[in-house]
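For reference, entry_17.cif (mmCIF, C-alpha atoms and all ligand atoms):
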```
data_entry
loop_
_atom_site.label_atom_id
_atom_site.label_comp_id
_atom_site.auth_asym_id
_atom_site.auth_seq_id
_atom_site.Cartn_x
_atom_site.Cartn_y
_atom_site.Cartn_z
CA MET W 1 -44.36 -71.06 62.53
CA LYS W 2 -41.87 -70.46 59.73
CA ARG W 3 -40.55 -66.91 59.90
CA LYS W 4 -39.53 -64.78 56.93
CA THR W 5 -35.95 -63.86 56.24
CA LEU W 6 -34.90 -60.36 55.22
CA THR W 7 -34.59 -61.52 51.59
CA GLN W 8 -38.12 -62.95 51.56
CA PHE W 9 -39.49 -59.84 53.24
CA LEU W 10 -37.83 -57.52 50.71
CA ILE W 11 -39.00 -59.55 47.71
CA GLU W 12 -42.52 -59.42 49.12
CA GLN W 13 -42.24 -55.65 49.59
CA GLN W 14 -41.07 -55.33 46.01
CA ARG W 15 -44.07 -57.30 44.74
CA GLU W 16 -46.68 -55.66 46.93
CA HIS W 17 -45.31 -52.13 46.78
CA ALA W 18 -44.20 -51.69 43.22
CA ALA W 19 -42.56 -48.56 44.60
CA LEU W 20 -39.63 -50.59 45.96
CA PRO W 21 -37.18 -50.95 43.08
CA ALA W 22 -35.10 -54.12 42.82
CA GLU W 23 -31.95 -52.04 43.11
CA VAL W 24 -32.98 -50.72 46.54
CA ARG W 25 -33.81 -54.22 47.68
CA LEU W 26 -30.38 -55.44 46.63
CA LEU W 27 -28.52 -52.54 48.16
CA ILE W 28 -30.30 -53.07 51.49
CA GLU W 29 -29.16 -56.70 51.38
CA VAL W 30 -25.58 -55.54 50.86
CA VAL W 31 -25.81 -53.12 53.80
CA ALA W 32 -27.35 -55.86 55.96
CA ARG W 33 -24.50 -58.19 55.03
CA ALA W 34 -21.96 -55.53 55.97
CA CYS W 35 -23.74 -55.03 59.32
CA LYS W 36 -23.45 -58.75 59.93
CA ALA W 37 -19.68 -58.49 59.38
CA ILE W 38 -19.43 -55.44 61.68
CA GLY W 39 -21.47 -57.26 64.33
CA HIS W 40 -19.07 -60.17 64.06
CA ALA W 41 -16.06 -57.89 64.61
CA VAL W 42 -17.82 -56.15 67.52
CA GLY W 43 -18.53 -59.54 69.11
CA LYS W 44 -14.85 -60.47 69.10
CA GLY W 45 -13.93 -57.45 71.23
CA ALA W 46 -10.51 -57.71 72.84
CA LEU W 47 -10.00 -61.14 71.24
CA GLY W 48 -10.22 -59.61 67.78
CA GLY W 49 -7.99 -56.67 68.64
CA VAL W 50 -10.76 -54.24 67.70
CA LEU W 51 -10.98 -52.23 70.93
CA GLY W 52 -9.24 -48.92 71.60
CA SER W 53 -8.47 -45.76 69.67
CA LEU W 54 -6.30 -44.81 66.72
CA GLU W 55 -4.06 -41.76 66.50
CA SER W 56 -6.33 -40.25 63.86
CA GLU W 57 -9.25 -37.82 64.10
CA ASN W 58 -12.26 -37.68 61.78
CA VAL W 59 -13.48 -34.56 59.98
CA GLN W 60 -15.45 -33.54 63.08
CA GLY W 61 -12.27 -33.53 65.19
CA GLU W 62 -13.27 -36.68 67.10
CA VAL W 63 -10.63 -39.29 67.92
CA GLN W 64 -11.36 -42.35 65.80
CA LYS W 65 -11.78 -45.72 67.47
CA LYS W 66 -10.42 -48.77 65.66
CA LEU W 67 -13.98 -49.98 65.16
CA ASP W 68 -15.09 -46.64 63.63
CA VAL W 69 -12.52 -47.11 60.88
CA LEU W 70 -12.98 -50.86 60.46
CA SER W 71 -16.78 -50.52 60.19
CA ASN W 72 -16.37 -47.75 57.64
CA GLU W 73 -14.07 -49.95 55.56
CA ILE W 74 -16.47 -52.89 55.73
CA LEU W 75 -19.37 -50.77 54.49
CA ILE W 76 -17.36 -49.16 51.70
CA GLU W 77 -15.93 -52.44 50.48
CA ALA W 78 -19.26 -54.27 50.55
CA ASN W 79 -21.08 -51.50 48.69
CA GLU W 80 -18.44 -50.46 46.18
CA TRP W 81 -18.83 -53.33 43.76
CA GLY W 82 -22.54 -54.04 44.31
CA GLY W 83 -23.56 -51.92 41.32
CA HIS W 84 -26.46 -50.18 43.09
CA LEU W 85 -24.81 -46.97 44.19
CA ALA W 86 -23.45 -43.83 42.58
CA ALA W 87 -21.64 -42.64 45.72
CA MET W 88 -21.45 -42.92 49.50
CA ALA W 89 -20.89 -40.57 52.43
CA SER W 90 -19.92 -41.39 55.99
CA GLU W 91 -19.33 -39.78 59.34
CA GLU W 92 -15.76 -41.03 59.09
CA MET W 93 -14.92 -39.52 55.68
CA GLU W 94 -14.39 -35.85 55.02
CA THR W 95 -16.07 -35.87 51.66
CA ILE W 96 -18.10 -38.21 49.47
CA HIS W 97 -16.79 -41.51 48.12
CA ARG W 98 -17.65 -42.00 44.44
CA ILE W 99 -17.92 -45.53 43.12
CA PRO W 100 -14.60 -46.16 41.31
CA ASN W 101 -14.82 -46.46 37.53
CA ARG W 102 -13.84 -50.13 37.58
CA TYR W 103 -17.22 -50.99 39.13
CA PRO W 104 -20.72 -50.68 37.67
CA LYS W 105 -22.67 -47.70 39.03
CA GLY W 106 -26.23 -47.49 40.24
CA GLU W 107 -28.83 -44.81 40.85
CA TYR W 108 -28.65 -44.43 44.64
CA LEU W 109 -26.66 -42.65 47.31
CA LEU W 110 -25.85 -44.29 50.63
CA LEU W 111 -25.02 -42.36 53.80
CA PHE W 112 -23.96 -43.94 57.06
CA ASP W 113 -22.71 -43.61 60.58
CA PRO W 114 -20.64 -46.80 60.46
CA LEU W 115 -20.32 -47.13 64.22
CA ASP W 116 -22.67 -45.18 66.43
CA GLY W 117 -22.04 -44.89 70.16
CA SER W 118 -18.25 -44.97 69.90
CA SER W 119 -17.77 -44.15 73.60
CA ASN W 120 -19.48 -47.47 74.43
CA ILE W 121 -17.26 -49.77 72.32
CA ASP W 122 -14.63 -50.49 74.93
CA VAL W 123 -17.11 -50.90 77.79
CA ASN W 124 -19.19 -53.58 76.02
CA VAL W 125 -22.42 -51.58 75.81
CA SER W 126 -24.76 -51.67 72.78
CA ILE W 127 -23.55 -49.81 69.69
CA GLY W 128 -24.76 -49.80 66.10
CA THR W 129 -24.70 -48.68 62.47
CA ILE W 130 -27.16 -46.12 61.01
CA PHE W 131 -27.85 -45.72 57.27
CA SER W 132 -29.90 -43.64 54.86
CA VAL W 133 -30.62 -44.14 51.14
CA LEU W 134 -31.27 -41.26 48.71
CA ARG W 135 -31.77 -41.15 44.93
CA ALA W 136 -28.84 -39.93 42.89
CA PRO W 137 -29.64 -37.11 40.44
CA ARG W 138 -30.88 -38.31 37.05
CA ASP W 139 -27.74 -37.23 35.22
CA SER W 140 -25.40 -38.93 37.71
CA ALA W 141 -24.10 -41.43 35.13
CA GLU W 142 -22.82 -38.60 32.92
CA ARG W 143 -20.83 -36.61 35.47
CA ASP W 144 -18.90 -36.77 38.73
CA LEU W 145 -21.19 -36.40 41.71
CA THR W 146 -20.49 -33.71 44.29
CA GLU W 147 -21.42 -33.18 47.94
CA GLN W 148 -24.19 -30.92 46.70
CA ASP W 149 -25.98 -33.97 45.22
CA PHE W 150 -26.31 -35.43 48.72
CA LEU W 151 -27.89 -32.31 50.22
CA GLN W 152 -31.50 -33.49 49.98
CA PRO W 153 -34.02 -33.15 52.80
CA GLY W 154 -34.74 -36.30 54.83
CA SER W 155 -38.24 -36.49 53.35
CA GLN W 156 -36.55 -37.65 50.12
CA GLN W 157 -35.08 -40.78 51.72
CA VAL W 158 -35.97 -43.99 49.91
CA ALA W 159 -35.02 -46.20 52.84
CA ALA W 160 -33.47 -45.88 56.28
CA GLY W 161 -32.41 -48.24 59.01
CA TYR W 162 -29.97 -49.23 61.67
CA ALA W 163 -28.33 -52.29 63.17
CA VAL W 164 -27.81 -52.64 66.93
CA TYR W 165 -24.98 -54.80 68.22
CA GLY W 166 -26.25 -55.67 71.67
CA PRO W 167 -27.40 -58.76 73.55
CA GLN W 168 -29.14 -59.50 70.26
CA THR W 169 -28.03 -58.23 66.87
CA SER W 170 -31.03 -56.45 65.35
CA LEU W 171 -31.75 -54.69 62.08
CA VAL W 172 -34.57 -52.17 61.93
CA LEU W 173 -35.68 -50.98 58.54
CA THR W 174 -38.15 -48.82 56.64
CA VAL W 175 -38.64 -48.56 52.90
CA GLY W 176 -41.50 -46.10 53.41
CA SER W 177 -44.29 -48.51 54.32
CA GLY W 178 -43.89 -49.07 58.06
CA VAL W 179 -41.03 -50.21 60.26
CA PHE W 180 -39.86 -53.80 60.50
CA GLY W 181 -37.37 -55.43 62.85
CA PHE W 182 -35.12 -58.39 62.12
CA THR W 183 -33.02 -60.44 64.53
CA LEU W 184 -29.80 -62.06 63.41
CA ASP W 185 -29.98 -65.83 63.75
CA ARG W 186 -26.34 -66.26 64.69
CA GLU W 187 -26.24 -69.99 63.91
CA MET W 188 -27.84 -69.66 60.48
CA GLY W 189 -26.27 -66.28 59.70
CA SER W 190 -29.59 -64.88 58.45
CA TRP W 191 -31.73 -61.89 59.39
CA VAL W 192 -35.16 -63.12 60.50
CA LEU W 193 -38.28 -60.93 60.62
CA THR W 194 -39.26 -60.77 64.30
CA HIS W 195 -41.03 -57.40 64.67
CA GLU W 196 -43.73 -56.42 62.15
CA HIS W 197 -45.20 -52.93 61.83
CA ILE W 198 -43.46 -51.45 64.84
CA ARG W 199 -45.52 -48.62 66.43
CA ILE W 200 -44.38 -46.10 69.03
CA PRO W 201 -46.98 -45.46 71.76
CA GLU W 202 -48.19 -41.82 71.62
CA ASP W 203 -47.61 -41.25 75.32
CA THR W 204 -44.76 -42.22 77.59
CA ARG W 205 -43.31 -41.98 81.07
CA GLU W 206 -39.70 -42.30 79.99
CA PHE W 207 -37.24 -39.68 78.75
CA ALA W 208 -33.67 -39.93 77.46
CA ILE W 209 -31.33 -36.94 77.63
CA ASN W 210 -27.77 -36.38 78.85
CA MET W 211 -28.64 -34.72 82.18
CA SER W 212 -25.03 -33.60 82.74
CA ASN W 213 -25.68 -30.85 80.18
CA MET W 214 -28.66 -29.47 82.12
CA ARG W 215 -27.05 -26.16 83.04
CA HIS W 216 -26.43 -25.45 79.33
CA TRP W 217 -29.95 -26.21 78.04
CA ALA W 218 -32.33 -23.71 76.50
CA PRO W 219 -35.31 -22.74 78.71
CA PRO W 220 -37.92 -24.87 76.82
CA VAL W 221 -35.86 -28.07 77.33
CA ARG W 222 -35.28 -27.16 80.97
CA ARG W 223 -39.00 -26.54 81.45
CA TYR W 224 -39.98 -29.88 79.88
CA ILE W 225 -37.50 -31.92 81.94
CA ASP W 226 -38.29 -30.00 85.16
CA GLU W 227 -41.95 -30.87 84.66
CA CYS W 228 -41.11 -34.56 84.10
CA LEU W 229 -38.95 -34.58 87.22
CA ALA W 230 -41.75 -33.02 89.29
CA GLY W 231 -43.64 -36.32 88.91
CA THR W 232 -47.13 -36.98 90.24
CA THR W 233 -47.30 -33.69 92.16
CA GLY W 234 -46.15 -31.58 89.18
CA PRO W 235 -48.03 -30.30 86.12
CA ARG W 236 -47.68 -33.63 84.27
CA GLY W 237 -49.35 -35.53 87.11
CA LYS W 238 -47.25 -38.66 86.61
CA ASP W 239 -43.80 -39.99 87.45
CA PHE W 240 -41.20 -40.29 84.70
CA ASN W 241 -38.27 -42.67 84.44
CA MET W 242 -34.97 -41.80 82.76
CA ARG W 243 -32.63 -43.79 80.52
CA TRP W 244 -29.46 -42.65 78.73
CA ILE W 245 -27.30 -45.22 76.97
CA ALA W 246 -25.19 -42.69 75.01
CA SER W 247 -25.58 -44.73 71.82
CA MET W 248 -28.29 -43.11 69.72
CA VAL W 249 -29.07 -46.46 68.08
CA ALA W 250 -29.70 -48.16 71.40
CA ASP W 251 -31.71 -45.23 72.81
CA VAL W 252 -33.85 -44.99 69.65
CA HIS W 253 -34.27 -48.75 69.60
CA ARG W 254 -35.76 -48.57 73.08
CA VAL W 255 -38.08 -45.76 71.97
CA LEU W 256 -39.24 -47.85 68.99
CA THR W 257 -39.71 -50.87 71.23
CA ARG W 258 -41.65 -49.39 74.15
CA GLY W 259 -42.04 -45.66 73.54
CA GLY W 260 -40.28 -42.71 75.12
CA ILE W 261 -38.73 -39.41 74.12
CA PHE W 262 -35.08 -39.01 73.09
CA MET W 263 -33.43 -35.61 73.03
CA TYR W 264 -30.04 -34.26 72.10
CA PRO W 265 -30.98 -30.60 71.89
CA TRP W 266 -28.96 -27.48 71.15
CA ASP W 267 -27.11 -26.31 74.24
CA ALA W 268 -24.97 -23.35 75.21
CA ARG W 269 -21.63 -25.19 75.41
CA GLU W 270 -20.92 -24.32 71.79
CA PRO W 271 -23.75 -21.94 70.93
CA SER W 272 -22.91 -21.82 67.21
CA LYS W 273 -23.45 -25.61 66.88
CA PRO W 274 -27.12 -26.50 66.35
CA GLY W 275 -26.63 -29.78 68.26
CA LYS W 276 -24.29 -32.75 68.60
CA LEU W 277 -25.89 -35.26 66.26
CA ARG W 278 -25.45 -35.22 62.51
CA LEU W 279 -28.42 -34.49 60.26
CA MET W 280 -27.67 -36.58 57.18
CA TYR W 281 -26.69 -39.94 58.67
CA GLU W 282 -28.04 -39.86 62.23
CA ALA W 283 -31.08 -37.58 62.59
CA ASN W 284 -32.63 -38.08 59.13
CA PRO W 285 -32.69 -41.90 59.05
CA MET W 286 -33.85 -42.08 62.68
CA SER W 287 -36.57 -39.47 62.01
CA MET W 288 -37.85 -41.44 59.01
CA LEU W 289 -38.05 -44.60 61.14
CA VAL W 290 -39.73 -42.79 64.02
CA GLU W 291 -42.32 -41.11 61.77
CA GLN W 292 -42.98 -44.38 59.96
CA ALA W 293 -43.69 -45.91 63.38
CA GLY W 294 -46.22 -43.19 64.23
CA GLY W 295 -43.89 -40.99 66.29
CA ALA W 296 -42.55 -37.50 65.61
CA ALA W 297 -39.12 -35.88 65.20
CA THR W 298 -38.22 -32.19 65.37
CA ASP W 299 -35.15 -30.07 66.04
CA GLY W 300 -37.18 -28.24 68.69
CA THR W 301 -39.15 -26.15 66.22
CA ARG W 302 -39.04 -27.74 62.74
CA ARG W 303 -39.79 -31.24 61.47
CA ILE W 304 -36.32 -32.74 60.95
CA LEU W 305 -37.29 -34.37 57.63
CA ASP W 306 -38.15 -30.92 56.20
CA ILE W 307 -34.73 -29.40 56.88
CA GLN W 308 -32.84 -28.48 53.71
CA PRO W 309 -29.24 -29.56 54.41
CA THR W 310 -26.44 -27.13 53.60
CA ALA W 311 -23.45 -29.34 54.48
CA LEU W 312 -22.70 -33.06 54.52
CA HIS W 313 -21.65 -33.15 58.17
CA GLN W 314 -24.16 -30.59 59.41
CA ARG W 315 -25.38 -31.01 62.99
CA VAL W 316 -28.90 -30.62 64.28
CA GLY W 317 -30.85 -30.58 67.55
CA VAL W 318 -32.94 -33.75 67.96
CA VAL W 319 -36.23 -34.34 69.80
CA LEU W 320 -37.87 -37.60 68.74
CA GLY W 321 -40.17 -40.37 69.89
CA SER W 322 -43.69 -40.58 71.33
CA ARG W 323 -45.79 -38.13 69.38
CA ASN W 324 -47.53 -36.29 72.23
CA GLU W 325 -44.30 -35.68 74.12
CA VAL W 326 -42.41 -34.43 71.05
CA GLU W 327 -45.31 -32.09 70.29
CA LEU W 328 -45.18 -30.74 73.86
CA VAL W 329 -41.44 -30.01 73.72
CA THR W 330 -41.88 -28.44 70.29
CA ARG W 331 -44.75 -26.26 71.59
CA TYR W 332 -42.57 -25.06 74.48
CA HIS W 333 -39.92 -24.00 71.94
CA ARG W 334 -42.48 -22.11 69.85
CA GLU W 335 -44.18 -20.32 72.78
O1 LIG W 401 -21.59 -38.67 75.21
P1 LIG W 401 -22.83 -37.88 75.00
O2 LIG W 401 -22.61 -36.40 74.95
O3 LIG W 401 -23.94 -38.27 75.94
O4 LIG W 401 -23.32 -38.21 73.50
C1 LIG W 401 -23.92 -39.40 73.17
C2 LIG W 401 -24.36 -39.34 71.75
O5 LIG W 401 -23.22 -39.28 70.91
C3 LIG W 401 -23.24 -40.32 69.95
O6 LIG W 401 -22.45 -41.37 70.44
C4 LIG W 401 -22.68 -39.80 68.66
O7 LIG W 401 -22.46 -40.79 67.72
P2 LIG W 401 -20.98 -41.34 67.28
O8 LIG W 401 -20.51 -42.29 68.33
O9 LIG W 401 -21.31 -41.96 65.98
O10 LIG W 401 -20.10 -40.13 67.14
C5 LIG W 401 -24.70 -40.76 69.91
O11 LIG W 401 -24.85 -42.09 69.52
C6 LIG W 401 -25.16 -40.54 71.33
O12 LIG W 401 -26.54 -40.30 71.44
MG MG W 402 -23.37 -41.61 65.79
MG MG W 403 -20.15 -42.95 64.57
#
```
Step by step, read the file and then write its structure as structure tokens.
Ligand SMILES: O=P(O)(O)OC[C@H]1O[C@](O)(COP(=O)(O)O)[C@@H](O)[C@@H]1O
Ligand SMILES: [Mg+2]
Ligand SMILES: [Mg+2]
Amino acid sequence: MKRKTLTQFLIEQQREHAALPAEVRLLIEVVARACKAIGHAVGKGALGGVLGSLESENVQGEVQKKLDVLSNEILIEANEWGGHLAAMASEEMETIHRIPNRYPKGEYLLLFDPLDGSSNIDVNVSIGTIFSVLRAPRDSAERDLTEQDFLQPGSQQVAAGYAVYGPQTSLVLTVGSGVFGFTLDREMGSWVLTHEHIRIPEDTREFAINMSNMRHWAPPVRRYIDECLAGTTGPRGKDFNMRWIASMVADVHRVLTRGGIFMYPWDAREPSKPGKLRLMYEANPMSMLVEQAGGAATDGTRRILDIQPTALHQRVGVVLGSRNEVELVTRYHRE
């Protein structure tokens, strides 16, 4: 059977869903090409001199790894001259990056976490890239864009996706009509459609949370996990398994592949922080993918995609995955 490439798939989406503009199709191809280049650098590891940290910190006060910076540069460079974007924003840049005047400008905004799962780079565990596409305001050609223009709720995303650099290099994508997975054919250098209409099972026996933070959790999270841990003799009446990769991309990829619940909730270590993960380029794109696959995503009480952002690097609590489990955790928070 001849499989479709990403290009063929996107052209088909454009024809069948007139809602997918050519510009979005082309910008996704640029992002996918950049992910291929990042995957290539990741694959070289110590041979390519890409492991280890730099002296610098990003805007969130986190030490930058060489690959954080390299991946950011690859994405910026690939997208700058494509002509589809008005501006970009990244975990690794303090403020937005406008398309320089020497390049043509487009009508979209791109946000990304260039390298997700930084703590796993040097230990050769799956890492990835997460991205989100928003529309630029109508008057964006006549003025300089500001951070404010990016502060749109996740429900406004036009497309979202991620790449995982693991045993296989995968690209998972939504343009608002289901979730599709592509595998990089490393010999041919092309993304091939391998997973159509990905669906997350409504129920699960698998949870993902950093258990070392247990003593800091809020009571509803504690209650939910305690009940999972109680197994067949507890209120849930079944045994649960646990996985924690510490790369959101890899954990969410597992949830999209076989179900499960993923949580990085608020905790009392830094009570003023709503969570660890970032709303605009981690939680929003992942929530769009999860909802498009039939799952659910909340911050404990609210649907993540409904949150009105107030800052580019804003953090948020995350509970996402199999619908019935997310609803249970969310109910415990509301009770
Ligand atoms: O080390 P912890 O506290 O378990 O955190 C792991 C989480 O942090 C992250 O690595 C944050 O992403 P970055 O690596 O992009 O900063 C998530 O991918 C992951 O879910
Ligand atoms: Mg991340
Ligand atoms: Mg990152």
Review point. Within 8 Å of Ser322 (chain W), counting only C-alpha atoms, which residues qualify if same-chain residues fewer than 6 places away don't, as a list of chain:residue names?
Key: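 The filter keeps W:Ile200, W:Pro201, W:Glu202, W:Asp203, W:Thr204, W:Val255, W:Gly259, W:Gly260, W:Ile261, W:Gly294, W:Gly295, W:Ala296.
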Review point. Which one of W:Thr5, W:Ser287, W:Ser119, W:Ser190 sits closest to ligand MG 402 (chain W) if you count only C-alpha atoms and all ligand atoms?
Key: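 Smallest separation from ligand MG 402 (chain W) among the options: W:Ser119.
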Return as lines of an AutoDock Vina configuration file the centre and edge lengths, in Å with one decimal, of the box along x, y and z that encloses every atom of ligand LIG 401 (chain W) in the file, padded by 3 Å per side.
```
center_x = -23.3
center_y = -39.3
center_z = 71.0
size_x = 12.4
size_y = 11.9
size_z = 16.0
```
Exercise for review: May I have the residues within 9 Å of ligand LIG 401 (chain W), computed using only C-alpha atoms and all ligand atoms, as JSON, numbers by chain?
Suggested key: {"W": [62, 68, 91, 92, 113, 114, 115, 116, 117, 118, 119, 120, 127, 128, 129, 130, 209, 210, 211, 212, 213, 244, 245, 246, 247, 248, 249, 250, 251, 252, 262, 263, 264, 276, 277, 278, 282]}
Quick one: residues within 12 Å of Lys44 (chain W), all atoms listed in the file counted, chain neighbours fewer than 6 positions away excluded, as a compact mmCIF listing (two decimals) with C-alpha atoms, in the frame of the given file?
```txt
# COMPACT_ATOMS: atom_id res chain seq x y z
CA ALA W 37 -19.68 -58.49 59.38
CA ILE W 38 -19.43 -55.44 61.68
CA VAL W 50 -10.76 -54.24 67.70
CA LEU W 51 -10.98 -52.23 70.93
CA LEU W 67 -13.98 -49.98 65.16
CA ILE W 121 -17.26 -49.77 72.32
CA ASP W 122 -14.63 -50.49 74.93
CA ASN W 124 -19.19 -53.58 76.02
CA TYR W 165 -24.98 -54.80 68.22
```
Exercise for review: Determine the nearest neighbour of ligand MG 403 (chain W) from the options W:His313, W:Arg269, W:Arg215, W:Arg303, counting all atoms listed in the file.
Suggested key: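 Closest residue, counting all atoms listed in the file: W:His313.
If only C-alpha atoms are the atoms counted, then among W:Arg186, W:Gln148, W:Ile96, W:Ile198 the closest residue to Pro309 (chain W) is W:Gln148.
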Review point. Using all atoms listed in the file, which of the listed residues (W:Ala208, W:Ser53, W:Asn79, W:Tyr281) sits closest to ligand MG 403 (chain W)?
Key: W:Tyr281
